[in-house]
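Student: I'm passing along final09.cif; it holds mmCIF, C-alpha atoms.
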data_upload
#
loop_
_atom_site.label_atom_id
_atom_site.label_comp_id
_atom_site.auth_asym_id
_atom_site.auth_seq_id
_atom_site.Cartn_x
_atom_site.Cartn_y
_atom_site.Cartn_z
CA MET P 1 -118.79 61.82 20.13
CA PHE P 2 -117.81 59.26 22.71
CA VAL P 3 -116.60 60.96 25.89
CA THR P 4 -113.85 59.27 27.86
CA PRO P 5 -113.31 59.74 31.59
CA GLY P 6 -110.47 62.04 30.55
CA PHE P 7 -113.02 64.49 29.24
CA ALA P 8 -115.31 63.68 32.09
CA GLN P 9 -112.74 65.12 34.46
CA GLU P 10 -112.99 68.47 32.78
CA ALA P 11 -116.74 68.33 32.23
CA PRO P 12 -119.03 70.55 34.32
CA PRO P 13 -119.94 69.05 37.71
CA ALA P 14 -123.57 68.62 36.67
CA LEU P 15 -122.61 66.05 34.05
CA ASP P 16 -120.00 64.37 36.18
CA GLU P 17 -122.23 61.72 37.69
CA ALA P 18 -123.59 60.57 34.37
CA HIS P 19 -120.14 60.21 32.89
CA THR P 20 -118.88 58.34 35.90
CA VAL P 21 -121.67 55.89 35.51
CA GLU P 22 -120.85 55.55 31.82
CA GLY P 23 -117.19 55.00 32.67
CA ALA P 24 -118.08 52.27 35.14
CA ALA P 25 -120.20 50.62 32.49
CA GLN P 26 -117.14 50.48 30.23
CA GLY P 27 -115.60 47.99 32.65
CA GLY P 28 -112.69 50.17 33.78
CA GLY P 29 -114.34 52.31 36.37
CA ASP P 30 -112.59 55.56 37.15
CA PHE P 31 -109.12 54.07 37.08
CA PRO P 32 -107.78 54.78 33.58
CA PRO P 33 -105.21 51.95 33.33
CA PHE P 34 -107.99 49.40 33.86
CA ASN P 35 -110.37 51.00 31.38
CA THR P 36 -110.60 48.30 28.73
CA GLU P 37 -112.19 50.73 26.27
CA THR P 38 -108.77 52.24 25.64
CA TYR P 39 -107.00 48.92 25.10
CA PRO P 40 -107.51 48.50 21.33
CA SER P 41 -106.22 51.98 20.63
CA GLN P 42 -103.21 51.55 22.93
CA LEU P 43 -102.34 48.16 21.48
CA LEU P 44 -102.66 49.38 17.90
CA TRP P 45 -100.52 52.45 18.41
CA LEU P 46 -98.00 50.54 20.50
CA ALA P 47 -97.70 47.98 17.69
CA ILE P 48 -97.28 50.70 15.08
CA THR P 49 -94.78 52.82 17.01
CA PHE P 50 -92.77 49.99 18.53
CA GLY P 51 -92.73 48.10 15.23
CA LEU P 52 -91.41 51.12 13.35
CA PHE P 53 -88.91 51.79 16.15
CA TYR P 54 -87.67 48.20 16.01
CA LEU P 55 -87.28 48.27 12.24
CA PHE P 56 -85.55 51.65 12.30
CA LEU P 57 -83.07 50.52 14.96
CA LYS P 58 -82.45 47.18 13.29
CA ARG P 59 -81.97 48.59 9.79
CA VAL P 60 -80.41 52.00 10.40
CA ALA P 61 -79.34 53.03 13.86
CA LEU P 62 -77.77 49.88 15.29
CA PRO P 63 -75.76 48.92 12.17
CA ARG P 64 -74.43 52.44 12.13
CA ILE P 65 -73.30 52.34 15.78
CA ALA P 66 -71.90 48.86 15.24
CA GLY P 67 -70.00 50.23 12.23
CA ILE P 68 -68.57 53.09 14.25
CA LEU P 69 -67.42 50.74 16.99
CA GLU P 70 -66.03 48.29 14.44
CA VAL P 71 -64.06 51.00 12.65
CA ARG P 72 -62.68 52.22 15.96
CA ARG P 73 -61.69 48.71 17.03
CA ASP P 74 -59.98 48.11 13.67
CA ARG P 75 -58.21 51.43 13.86
CA ILE P 76 -56.95 50.75 17.38
CA ALA P 77 -55.78 47.27 16.39
CA GLN P 78 -54.09 48.73 13.33
CA ASP P 79 -52.35 51.40 15.39
CA LEU P 80 -51.22 48.79 17.88
CA ASP P 81 -49.82 46.68 15.05
CA GLU P 82 -48.03 49.70 13.68
CA ALA P 83 -46.60 50.48 17.10
CA ALA P 84 -45.45 46.87 17.52
CA ARG P 85 -43.84 46.97 14.07
CA MET P 86 -42.04 50.21 14.91
CA LYS P 87 -40.86 48.76 18.20
CA ASP P 88 -39.47 45.74 16.37
CA GLU P 89 -37.66 48.06 13.99
CA ALA P 90 -36.21 50.03 16.85
CA ASP P 91 -35.11 46.82 18.56
CA GLU P 92 -33.44 45.69 15.34
CA ALA P 93 -31.63 48.99 15.01
CA VAL P 94 -30.44 48.73 18.61
CA ALA P 95 -29.23 45.17 18.02
CA ALA P 96 -27.40 46.22 14.84
CA TYR P 97 -25.81 49.12 16.66
CA GLU P 98 -24.69 46.91 19.51
CA GLN P 99 -23.24 44.40 17.11
CA GLU P 100 -21.35 47.11 15.25
CA LEU P 101 -20.10 48.48 18.53
CA ALA P 102 -18.87 45.04 19.60
CA GLU P 103 -17.15 44.58 16.25
CA ALA P 104 -15.47 47.96 16.50
CA ARG P 105 -14.34 47.12 20.01
CA LYS P 106 -12.96 43.82 18.83
CA LYS P 107 -11.17 45.52 15.95
CA ALA P 108 -9.71 48.17 18.24
CA GLY P 109 -8.55 45.45 20.61
CA GLY P 110 -6.93 43.64 17.66
CA ILE P 111 -5.13 46.75 16.52
CA ALA P 112 -3.88 47.47 20.01
CA GLN P 113 -2.71 43.89 20.42
CA GLU P 114 -0.93 44.03 17.09
CA ALA P 115 0.80 47.25 18.00
CA ARG P 116 1.78 45.80 21.33
CA ASP P 117 3.10 42.62 19.70
CA SER P 118 5.10 44.43 17.07
CA ALA P 119 6.57 46.78 19.66
CA LYS P 120 7.50 43.80 21.78
CA ALA P 121 9.05 41.99 18.84
CA GLU P 122 11.04 45.07 17.92
CA ALA P 123 12.27 45.51 21.44
CA GLU P 124 13.21 41.84 21.54
CA ALA P 125 15.14 42.11 18.31
CA GLU P 126 16.93 45.21 19.58
CA ARG P 127 17.82 43.44 22.78
CA ARG P 128 19.11 40.42 20.94
CA LYS P 129 21.27 42.59 18.73
CA VAL P 130 22.72 44.39 21.70
CA GLU P 131 23.32 41.09 23.45
CA GLU P 132 25.08 39.71 20.40
CA VAL P 133 27.37 42.73 20.29
CA LEU P 134 28.04 42.37 23.99
CA ASP P 135 28.70 38.65 23.61
CA ALA P 136 31.15 39.33 20.82
CA LYS P 137 32.93 41.91 22.91
CA LEU P 138 33.00 39.53 25.88
CA LYS P 139 34.44 36.75 23.78
CA GLU P 140 37.10 39.05 22.39
CA ALA P 141 38.02 40.19 25.84
CA GLU P 142 38.15 36.62 27.11
CA GLY P 143 40.46 35.73 24.14
CA ARG P 144 42.75 38.55 24.99
CA ILE P 145 42.83 37.57 28.64
CA ALA P 146 43.67 34.00 27.66
CA ASP P 147 46.44 35.22 25.34
CA ILE P 148 47.85 37.41 28.03
CA LYS P 149 47.63 34.58 30.52
CA ALA P 150 49.35 32.17 28.13
CA THR P 151 52.08 34.69 27.34
CA ALA P 152 52.51 35.40 31.01
CA LEU P 153 52.73 31.71 31.83
CA ALA P 154 55.26 31.15 29.04
CA ASP P 155 57.30 34.04 30.35
CA VAL P 156 57.15 32.49 33.82
CA GLY P 157 58.80 29.28 32.40
CA VAL P 158 61.60 31.22 30.70
CA ILE P 159 62.24 33.34 33.78
CA ALA P 160 62.29 30.24 35.95
CA GLU P 161 64.73 28.54 33.61
CA GLU P 162 66.95 31.57 33.55
CA THR P 163 66.74 31.97 37.27
CA ALA P 164 67.32 28.30 37.84
CA GLY P 165 70.25 28.36 35.36
CA ALA P 166 71.74 31.34 37.14
CA ILE P 167 71.26 29.73 40.55
CA VAL P 168 72.62 26.43 39.40
CA GLY P 169 75.55 28.23 37.65
CA GLU P 170 76.39 30.08 40.85
CA LEU P 171 76.11 26.97 43.00
CA VAL P 172 77.67 24.40 40.72
CA GLY P 173 79.56 26.59 38.34
CA GLY P 174 80.14 25.90 34.78
CA LYS P 175 77.74 25.76 32.10
CA VAL P 176 74.36 24.21 32.66
CA ASP P 177 72.67 22.22 29.97
CA LYS P 178 69.85 24.28 28.87
CA LYS P 179 67.73 21.33 27.82
CA ALA P 180 68.05 19.57 31.09
CA LEU P 181 67.20 22.76 32.84
CA ALA P 182 64.05 23.25 30.86
CA ALA P 183 62.97 19.66 31.58
CA ALA P 184 63.61 20.14 35.25
CA VAL P 185 61.67 23.35 35.40
CA LYS P 186 58.79 21.72 33.53
CA ALA P 187 58.83 18.78 35.92
CA ALA P 188 58.81 21.11 38.90
CA ARG P 189 55.96 23.07 37.58
CA MET X 1 -109.78 68.15 40.24
CA ALA X 2 -106.34 69.49 39.36
CA THR X 3 -104.86 67.71 42.37
CA ASP X 4 -106.51 64.38 41.62
CA PRO X 5 -103.51 62.02 41.49
CA ILE X 6 -105.25 59.71 39.03
CA HIS X 7 -106.03 62.44 36.54
CA GLN X 8 -102.56 62.24 34.98
CA PHE X 9 -103.30 58.73 33.71
CA GLN X 10 -106.44 59.75 31.84
CA ILE X 11 -106.49 58.99 28.19
CA SER X 12 -108.06 61.64 25.97
CA LYS X 13 -108.81 61.24 22.31
CA TRP X 14 -107.08 63.56 19.95
CA ILE X 15 -108.19 62.08 16.65
CA PRO X 16 -111.16 59.69 16.97
CA ILE X 17 -110.80 56.58 14.82
CA GLU X 18 -113.24 53.69 14.96
CA ILE X 19 -112.80 50.49 12.96
CA GLY X 20 -115.21 47.56 13.20
CA GLY X 21 -116.78 48.84 16.38
CA LEU X 22 -113.41 49.06 18.12
CA ASP X 23 -111.94 52.35 19.22
CA PHE X 24 -108.52 52.91 17.65
CA SER X 25 -108.42 56.64 18.29
CA PHE X 26 -105.17 58.56 18.25
CA THR X 27 -104.97 59.55 21.90
CA ASN X 28 -102.51 61.35 24.14
CA ALA X 29 -101.05 57.91 24.90
CA SER X 30 -100.53 57.33 21.17
CA ALA X 31 -98.96 60.77 20.84
CA PHE X 32 -96.45 59.99 23.60
CA MET X 33 -95.67 56.61 22.06
CA VAL X 34 -94.86 58.48 18.86
CA ALA X 35 -92.83 61.03 20.82
CA THR X 36 -90.94 58.26 22.63
CA VAL X 37 -90.09 56.45 19.43
CA ALA X 38 -89.30 59.60 17.48
CA GLY X 39 -87.17 61.04 20.31
CA ALA X 40 -85.18 57.86 20.89
CA GLY X 41 -84.77 57.18 17.17
CA ALA X 42 -83.76 60.75 16.37
CA PHE X 43 -81.28 60.81 19.23
CA LEU X 44 -79.61 57.58 18.15
CA PHE X 45 -79.63 58.67 14.52
CA LEU X 46 -78.45 62.25 14.89
CA THR X 47 -75.79 61.69 17.55
CA THR X 48 -74.07 59.08 15.42
CA SER X 49 -74.40 60.95 12.10
CA SER X 50 -70.84 62.29 12.25
CA ARG X 51 -69.49 58.75 12.78
CA GLY X 52 -66.67 60.26 14.80
CA LEU X 53 -63.66 58.07 15.39
CA VAL X 54 -63.32 59.95 18.66
CA PRO X 55 -66.91 60.25 19.90
CA GLY X 56 -68.42 63.44 21.22
CA ARG X 57 -70.51 63.42 24.39
CA LEU X 58 -73.80 62.62 22.73
CA GLN X 59 -72.29 60.00 20.45
CA SER X 60 -70.74 58.47 23.57
CA ILE X 61 -74.20 58.13 25.09
CA SER X 62 -75.47 56.22 22.06
CA GLU X 63 -72.38 54.02 22.03
CA MET X 64 -72.59 53.39 25.77
CA ALA X 65 -76.23 52.36 25.46
CA TYR X 66 -75.28 50.03 22.62
CA GLU X 67 -72.40 48.41 24.48
CA PHE X 68 -74.35 48.29 27.74
CA ILE X 69 -77.16 46.26 26.21
CA ALA X 70 -74.79 44.23 24.03
CA SER X 71 -72.69 43.10 27.00
CA MET X 72 -75.82 42.47 29.08
CA LEU X 73 -77.26 40.22 26.39
CA ARG X 74 -73.94 38.47 25.72
CA ASP X 75 -73.43 37.76 29.44
CA ALA X 76 -76.95 36.43 29.92
CA ALA X 77 -77.55 34.53 26.69
CA GLY X 78 -74.14 33.99 25.13
CA SER X 79 -73.05 35.03 21.65
CA HIS X 80 -76.02 33.18 20.08
CA GLY X 81 -78.25 35.61 21.91
CA MET X 82 -76.90 38.50 19.85
CA ARG X 83 -79.49 37.76 17.16
CA PHE X 84 -82.00 39.27 19.59
CA PHE X 85 -79.91 42.35 20.16
CA PRO X 86 -82.09 44.77 18.12
CA PHE X 87 -85.14 43.46 19.95
CA VAL X 88 -83.70 43.88 23.45
CA PHE X 89 -82.19 47.24 22.58
CA SER X 90 -85.51 48.50 21.20
CA LEU X 91 -87.32 47.35 24.33
CA PHE X 92 -84.78 48.97 26.62
CA MET X 93 -84.76 52.27 24.74
CA PHE X 94 -88.55 52.35 24.42
CA VAL X 95 -89.16 51.73 28.12
CA LEU X 96 -86.35 54.04 29.21
CA VAL X 97 -87.38 56.97 27.03
CA ALA X 98 -91.07 56.49 27.82
CA ASN X 99 -90.26 56.49 31.55
CA LEU X 100 -88.05 59.57 31.27
CA LEU X 101 -90.55 61.47 29.13
CA GLY X 102 -93.13 60.75 31.81
CA MET X 103 -91.00 62.67 34.28
CA PHE X 104 -91.83 65.97 32.58
CA PRO X 105 -94.73 67.79 34.23
CA TYR X 106 -98.01 67.48 32.27
CA PHE X 107 -96.52 64.70 30.14
CA PHE X 108 -98.23 61.36 29.82
CA THR X 109 -96.40 58.23 30.94
CA VAL X 110 -96.88 55.50 28.35
CA THR X 111 -95.57 52.78 30.67
CA SER X 112 -98.04 53.62 33.43
CA HIS X 113 -100.72 51.67 31.58
CA ILE X 114 -100.84 47.94 32.28
CA ILE X 115 -101.93 47.11 28.75
CA VAL X 116 -98.78 48.63 27.29
CA THR X 117 -96.38 46.89 29.67
CA PHE X 118 -98.35 43.66 29.36
CA ALA X 119 -98.16 43.84 25.57
CA LEU X 120 -94.40 44.29 25.77
CA ALA X 121 -94.11 41.38 28.23
CA ILE X 122 -96.23 39.16 26.00
CA LEU X 123 -94.02 40.14 23.10
CA VAL X 124 -90.99 38.94 25.08
CA ILE X 125 -92.59 35.68 26.22
CA GLY X 126 -94.06 35.12 22.77
CA THR X 127 -90.62 35.51 21.25
CA VAL X 128 -89.22 33.05 23.79
CA LEU X 129 -91.95 30.49 23.03
CA VAL X 130 -91.85 30.82 19.25
CA TYR X 131 -88.08 30.79 19.01
CA GLY X 132 -87.77 28.03 21.61
CA PHE X 133 -90.13 25.65 19.84
CA TRP X 134 -88.82 26.59 16.38
CA LYS X 135 -85.22 26.00 17.41
CA HIS X 136 -85.54 23.00 19.74
CA GLY X 137 -88.96 21.54 18.85
CA LEU X 138 -90.38 19.58 21.78
CA GLY X 139 -86.90 19.67 23.33
CA PHE X 140 -87.86 23.14 24.47
CA LEU X 141 -90.08 21.47 27.09
CA LYS X 142 -86.89 20.37 28.87
CA LEU X 143 -87.05 23.89 30.25
CA PHE X 144 -89.66 22.60 32.70
CA VAL X 145 -87.72 19.47 33.68
CA PRO X 146 -84.64 20.34 35.72
CA ASP X 147 -81.79 17.84 35.90
CA GLY X 148 -81.05 15.81 39.03
CA VAL X 149 -84.52 15.91 40.55
CA PRO X 150 -85.73 12.64 42.18
CA GLY X 151 -88.59 10.98 40.26
CA VAL X 152 -91.03 11.35 43.12
CA LEU X 153 -90.66 15.10 43.22
CA MET X 154 -90.69 15.49 39.45
CA PRO X 155 -94.44 16.24 38.99
CA LEU X 156 -94.29 18.85 41.72
CA VAL X 157 -91.15 20.49 40.33
CA VAL X 158 -92.53 20.51 36.80
CA ALA X 159 -95.75 22.09 38.05
CA ILE X 160 -93.75 24.77 39.85
CA GLU X 161 -91.64 25.43 36.75
CA VAL X 162 -94.74 25.75 34.56
CA VAL X 163 -96.41 28.12 36.98
CA SER X 164 -93.27 30.22 37.28
CA PHE X 165 -92.99 30.36 33.49
CA LEU X 166 -96.62 31.42 33.15
CA SER X 167 -96.25 34.09 35.81
CA ARG X 168 -93.34 35.70 33.98
CA PRO X 169 -95.35 37.95 31.66
CA VAL X 170 -97.49 39.00 34.60
CA SER X 171 -94.57 39.84 36.89
CA LEU X 172 -92.63 41.49 34.07
CA SER X 173 -95.51 43.78 33.11
CA VAL X 174 -96.90 44.49 36.58
CA ARG X 175 -93.44 45.39 37.92
CA LEU X 176 -92.95 48.14 35.38
CA PHE X 177 -96.56 49.32 35.41
CA ALA X 178 -96.85 49.43 39.20
CA ASN X 179 -93.53 51.20 39.65
CA MET X 180 -94.41 53.96 37.22
CA LEU X 181 -97.98 54.27 38.46
CA ALA X 182 -97.11 54.34 42.15
CA GLY X 183 -94.20 56.70 41.65
CA HIS X 184 -96.27 59.22 39.74
CA ILE X 185 -99.18 59.02 42.17
CA THR X 186 -96.83 59.56 45.14
CA LEU X 187 -95.22 62.52 43.43
CA LYS X 188 -98.60 64.02 42.62
CA VAL X 189 -99.89 63.52 46.17
CA PHE X 190 -96.88 65.18 47.77
CA ALA X 191 -96.93 68.02 45.24
CA GLY X 192 -100.66 68.39 45.95
CA PHE X 193 -99.87 68.87 49.66
CA VAL X 194 -97.61 71.75 48.74
CA THR X 195 -100.32 73.64 46.89
CA SER X 196 -103.13 72.90 49.35
CA LEU X 197 -100.97 73.80 52.36
CA GLY X 198 -99.68 76.89 50.59
CA ALA X 199 -103.24 78.08 50.19
CA LEU X 200 -103.67 78.17 53.98
CA GLY X 201 -101.63 81.30 54.53
CA VAL X 202 -98.21 81.86 56.14
CA ALA X 203 -98.30 78.92 58.56
CA GLY X 204 -99.42 76.63 55.76
CA ALA X 205 -96.69 77.89 53.47
CA ALA X 206 -94.11 77.14 56.19
CA GLY X 207 -95.57 73.69 56.63
CA ALA X 208 -95.47 73.14 52.87
CA VAL X 209 -91.66 73.08 52.97
CA LEU X 210 -91.65 69.47 54.11
CA PRO X 211 -93.76 68.01 51.28
CA LEU X 212 -91.84 70.22 48.85
CA ALA X 213 -88.54 68.70 50.00
CA MET X 214 -90.19 65.31 49.74
CA THR X 215 -91.32 66.07 46.19
CA VAL X 216 -87.79 67.07 45.20
CA ALA X 217 -86.33 63.90 46.73
CA LEU X 218 -89.02 61.74 45.11
CA THR X 219 -88.32 63.32 41.73
CA GLY X 220 -84.71 62.22 42.04
CA LEU X 221 -85.84 58.76 43.10
CA GLU X 222 -88.25 58.57 40.17
CA PHE X 223 -85.45 59.30 37.70
CA LEU X 224 -83.55 56.40 39.25
CA VAL X 225 -86.63 54.18 39.05
CA ALA X 226 -87.19 55.21 35.42
CA PHE X 227 -83.74 53.94 34.50
CA LEU X 228 -83.81 50.97 36.85
CA GLN X 229 -87.11 49.63 35.55
CA ALA X 230 -85.92 49.87 31.97
CA TYR X 231 -82.75 48.04 33.03
CA VAL X 232 -84.67 45.36 34.91
CA PHE X 233 -87.00 44.86 31.97
CA ALA X 234 -84.03 44.42 29.63
CA VAL X 235 -82.13 42.10 31.99
CA LEU X 236 -85.14 39.84 32.51
CA THR X 237 -85.76 39.81 28.77
CA CYS X 238 -82.16 38.66 28.28
CA MET X 239 -82.59 35.89 30.85
CA TYR X 240 -85.85 34.67 29.33
CA LEU X 241 -84.28 34.69 25.87
CA ASN X 242 -81.48 32.59 27.31
CA ASP X 243 -84.10 29.97 28.20
CA ALA X 244 -85.22 29.96 24.59
CA LEU X 245 -81.65 29.52 23.37
CA HIS X 246 -80.54 26.97 25.97
CA PRO X 247 -83.60 25.22 27.43
CA GLY X 248 -81.58 22.63 29.40
CA HIS X 249 -80.86 24.01 32.86
#
Can you turn what I pasted into structure tokens?

Tutor:
Amino acid sequence: MFVTPGFAQEAPPALDEAHTVEGAAQGGGDFPPFNTETYPSQLLWLAITFGLFYLFLKRVALPRIAGILEVRRDRIAQDLDEAARMKDEADEAVAAYEQELAEARKKAGGIAQEARDSAKAEAEAERRKVEEVLDAKLKEAEGRIADIKATALADVGVIAEETAGAIVGELVGGKVDKKALAAAVKAAR
Amino acid sequence: MATDPIHQFQISKWIPIEIGGLDFSFTNASAFMVATVAGAGAFLFLTTSSRGLVPGRLQSISEMAYEFIASMLRDAAGSHGMRFFPFVFSLFMFVLVANLLGMFPYFFTVTSHIIVTFALAILVIGTVLVYGFWKHGLGFLKLFVPDGVPGVLMPLVVAIEVVSFLSRPVSLSVRLFANMLAGHITLKVFAGFVTSLGALGVAGAAGAVLPLAMTVALTGLEFLVAFLQAYVFAVLTCMYLNDALHPGH
């Protein structure tokens, strides 16, 4: 069997020199990395192992990891979409609520306004009615005052005539023409 | 020999296989490649098996890794770059898990061998070249001709661009390889100080505290480097793929 320097290291000291010489003859000396005798074996096994490793990763391991990452990315995107959709829904609900609230407010305002208007109108009507009654009473009173005044003034004429007649009768004596007296009083007045 | 810092990079055959005079044996390196691939694949498969809408902790890790690489690729290469997503993700997971597995004591670090990191880098650059020429034809060569460069300087600039393109697989692979190698050697050296000083009695044991603290700190740093190198590898892959997709500067 061919003995490499690796075995030479563990060989008995007596054989050591011979093996060292043999190792040097192989072109690599004692330094294993530069021992060209080992190169074919290293290259062959590197090609086999690395080739199988490459194929295994390319066919099995990497597609699987890529799949896991892909699924996760999709899932996250999907969840984000879902969240965005839910947010939109919530926003819509809030908008609808606000609109309803505004409508209710408007309606309440309308009702209040209506109540206020009708109360005002009622009060107005009441006031007008009362005013009418008062006006009527005022007019009646004014009529009576005028009547009284007219009566009083008429009485003043008669009294004046009588008084004048009496005075004239006393002063002049005799009977005084009533018509002339009335004309005189009227003229004096 | 147990404290030899190089010993951890030895490759030992577990099942000898020889085809056409070449040695294709199943070695400890092969076993850890299988472990890396099986561990990463099983983790991604099992943590996502429940397909939880709300992920658990482990499922979160798988999803974070997915989205981390996906956003990295989309930022660097645009949405057209997503066709390379399985490729970049496989590279990232492979390098990351291989680096992290290497942090266990007595475990073999797959990425501490230049041939492995170089093969991965060539895979990246090969993808860039094949896709670039297939998609853009000779227009892909515009990659080496920046806009707005004066005609006199053009040969020089093109030469620099070509050299920088050719050095990409080298820098990409050596960066990862050297980081893992150097980190593990440093760890082993400092840990070796602890045991050798501890063997010197009480005074030695007291003196061993310093390298022990150093080992603990370096272990933390190495976990950071394990992640960072996987990240850097993936970011650079994204940027190179962007060149294939959009060759005009």

Student: Might you spell out which residues the PyMOL selection byres ((chain X and resi 212-222) around 7) would select in the displayed file, as an MDAnalysis selection string?

Tutor: chainID X and resid 183 187 190:191 194 208:211 223:226

Student: Evaluate the PyMOL selection byres ((chain P) within 7 of (chain X)) against this structure - the residues, as an MDAnalysis selection string, please.

Tutor: chainID P and resid 4:7 32:33 39:46 49 53:54 57:58 61 65 68 72

Student: Can I get the selection written as a PDB file, in the frame of the given file, with C-alpha atoms?

Tutor:
ATOM      1  CA  THR P   4    -113.850  59.270  27.860  1.00  0.00           C
ATOM      2  CA  PRO P   5    -113.310  59.740  31.590  1.00  0.00           C
ATOM      3  CA  GLY P   6    -110.470  62.040  30.550  1.00  0.00           C
ATOM      4  CA  PHE P   7    -113.020  64.490  29.240  1.00  0.00           C
ATOM      5  CA  PRO P  32    -107.780  54.780  33.580  1.00  0.00           C
ATOM      6  CA  PRO P  33    -105.210  51.950  33.330  1.00  0.00           C
ATOM      7  CA  TYR P  39    -107.000  48.920  25.100  1.00  0.00           C
ATOM      8  CA  PRO P  40    -107.510  48.500  21.330  1.00  0.00           C
ATOM      9  CA  SER P  41    -106.220  51.980  20.630  1.00  0.00           C
ATOM     10  CA  GLN P  42    -103.210  51.550  22.930  1.00  0.00           C
ATOM     11  CA  LEU P  43    -102.340  48.160  21.480  1.00  0.00           C
ATOM     12  CA  LEU P  44    -102.660  49.380  17.900  1.00  0.00           C
ATOM     13  CA  TRP P  45    -100.520  52.450  18.410  1.00  0.00           C
ATOM     14  CA  LEU P  46     -98.000  50.540  20.500  1.00  0.00           C
ATOM     15  CA  THR P  49     -94.780  52.820  17.010  1.00  0.00           C
ATOM     16  CA  PHE P  53     -88.910  51.790  16.150  1.00  0.00           C
ATOM     17  CA  TYR P  54     -87.670  48.200  16.010  1.00  0.00           C
ATOM     18  CA  LEU P  57     -83.070  50.520  14.960  1.00  0.00           C
ATOM     19  CA  LYS P  58     -82.450  47.180  13.290  1.00  0.00           C
ATOM     20  CA  ALA P  61     -79.340  53.030  13.860  1.00  0.00           C
ATOM     21  CA  ILE P  65     -73.300  52.340  15.780  1.00  0.00           C
ATOM     22  CA  ILE P  68     -68.570  53.090  14.250  1.00  0.00           C
ATOM     23  CA  ARG P  72     -62.680  52.220  15.960  1.00  0.00           C
TER      24      ARG P  72
END

Student: Just the residues within 9 Å of region 160-164 of chain P, please, counting all atoms listed in the file, with nothing from its chain fewer than 3 positions along; format it as a CSV table (one decimal) with C-alpha atoms, in the coordinates of the input.

Tutor:
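Written output follows (result-v6.csv):
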chain,number,residue,atom,x,y,z
P,155,ASP,CA,57.3,34.0,30.4
P,156,VAL,CA,57.2,32.5,33.8
P,157,GLY,CA,58.8,29.3,32.4
P,167,ILE,CA,71.3,29.7,40.6
P,168,VAL,CA,72.6,26.4,39.4
P,169,GLY,CA,75.6,28.2,37.6
P,178,LYS,CA,69.8,24.3,28.9
P,181,LEU,CA,67.2,22.8,32.8
P,182,ALA,CA,64.0,23.2,30.9
P,184,ALA,CA,63.6,20.1,35.2
P,185,VAL,CA,61.7,23.4,35.4

Student: Do you have the CA of Ile61 (chain X)-CA of Leu100 (chain X) distance handy?

Tutor: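 Atom-to-atom, CA of Ile61 (chain X) to CA of Leu100 (chain X), that is 15.2 Å.
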
Student: Separation of CA of Phe165 (chain X) and CA of Leu138 (chain X), in Å?

Tutor: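 CA of Phe165 (chain X) sits 16.1 Å away from CA of Leu138 (chain X).
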
Student: From the set X:Ala206, X:Ile185, X:Leu166, X:Met103, which residue has the shortest atom-to-atom contact distance to Ala121 (chain X), counting all atoms listed in the file?

Tutor: X:Leu166

Student: Which residue, X:His80, X:Pro169, X:Asp243, X:Phe144, has the smallest gap to Gly126 (chain X) when you use all atoms listed in the file?

Tutor: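 Among X:His80, X:Pro169, X:Asp243, X:Phe144, it is X:Pro169 that comes nearest to Gly126 (chain X).
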
Student: Tell me, in Å to one decimal, how far CA of Asn242 (chain X) is from CA of Gly78 (chain X).

Tutor: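 Result for CA of Asn242 (chain X) versus CA of Gly78 (chain X): 7.8 Å, one decimal.
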
Student: Taking into account all atoms listed in the file, which residue in the set X:Phe227, X:Ile19, X:Leu236, X:Phe140 is nearest to Leu101 (chain X)?

Tutor: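 Among the listed residues, the smallest separation from Leu101 (chain X) belongs to X:Phe227.
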
Student: Show me, as a list in words, the residues that have an atom within 12 Å of Gly148 (chain X) when counting all atoms listed in the file, minus same-chain residues fewer than 5 positions from it.

Tutor: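 Residues near the query, excluding close chain neighbours: Leu153, Met154, Val157, Gly248 and His249 of chain X.
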